[in-house]
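Worksheet: the structure to be examined is printed underneath.
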Amino acid sequence: MFGRTLWPRRASSAQTAKERLQILLAHERGTGTGPDYLPALQRDILEVIRRHVPVEQDAVEIRMERGREVSSLEINIELPAPRR
Amino acid sequence: MTTELKQERPVGKIIVITSGKGGVGKTTTSAAIGAGLAKRGHKTVVIDFDVGLRNLDMIMGCERRVVFDFINVIQGEAKLKQALIKDRRLETLCVLPTSQTRDKDALTKEGVEAVLAELREEFDYIICDSPAGIEKGAQLAMYFADEAVVVTNPEVSSVRDSDRVLGLLASKTKRAEEEGAEPIKAQVLLTRYDAQRIAKGEMMTVEDVLEILAVPLLGIIPESPAVLRASNVGVPIVLDAPSNAGSAYEDAVARLMGEDVALRLDPDRRPGLMRRLFGRTA
């Protein structure tokens, strides 16, 4: 996304294609496990949180944004409303 | 089950995009039709059935955001809601990516059925992007379909494979197996149509292909540099800069909705007409 502004103004679509592939393939080759560690990660995170607060499986939202330099993993957990 | 529905029930129609042959434009078509339907305000999800060779995410431009996939959902490792990727351009559009690391055996008929049933509760259109071939992945992509779009190039091997796929749609699907069910409504979408080469007699005409396959025509997508451009940048062609191919897909979407839209046979008229006249005298 932000990489686009660093390119010459008339970046060709082929350059965009190359850039997208480079980022994606670096991730796919690098880990070898692909995104499949995420189910286990989610399970573990939920387990830890459940030791303290009762949360449902549905209450977790995980978002990923893979970038060239950094990737971000955003985990949103909806906690139950406090009981009266 | 919800007892009270605030809105009308979604249409929940399953459309498979299939072809038998690879490289004819199934994923481009899935992305274009999915985005085209969503653009018209219909809640639409596009599912990648090509397990192990995920590509719909790239064509839709959401490849960096894949967290969970169709297989994770089938195997109970993630909820459907978590695996659906919301399109950033159209809020009515979602993508359900497939797994890049597993193989087609991870797909089960029961799993696919359960996911489709859940999607039917929420979406108007469920577009199933079939893998090439006629094996498990392709068969499961078509099994629960209500309608089929058979993507065909005006070329002998593609037409032959389309014919084979039409045979499978009529025999190896839920609608074919259930007594009294309406058969799948199958239509042909001709892609990579080159009016100039057809005029020169180098490529079969629309009439030739339809005569052989004997199913209705959903549309004709001209060969266009815009298709490669759109895939380079990860934008479904109907959302990219206006192009012949983009308009042809919009027309196909309109016909899919039952609208009567005239075919635009000769997208690049001037040189096409000249060569057509020339070609016909030869």
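Convention: chains lettered A, B, ... in structure tokens order; per-chain residue numbering from 1; ligands numbered from 1 as shown.
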Check every residue of chain A for an atom within 7 Å of chain B, counting only C-alpha atoms, and provide those that qualify as a VMD selection string.
-> chain A and resid 13 to 14 16 to 17 24 34 to 35 39 61 to 66
Give me the residues within 12 Å of Leu119 of chain B as a PyMOL selection string, counting only C-alpha atoms and dropping any in the same chain fewer than 3 places off.
-> chain B and resi 9-14+43-47+70+73+79-81+83-84+94-96+112-116+122-128
Using the chain letters and numbers from this document, which residues of segment 127-253 of chain B does DSSP assign to alpha helix (DSSP H), as a ChimeraX atom specification?
-> /B:136-143,156-169,174-177,195-199,206-213,225-233,244-253
Name the residues in contact with segment 74-81 of chain A at a cut-off of 10 Å, using only C-alpha atoms, excluding same-chain residues fewer than 5 positions from it; report them as a ChimeraX atom specification.
-> /A:42,45-46,49,53-65
By how many Å are atom CA of Ala248 of chain B and atom CA of Asp57 of chain B apart?
-> 22.5 Å
Atom CA of Val206 of chain B to atom CA of Val16 of chain B, straight-line distance in Å | 21.8 Å
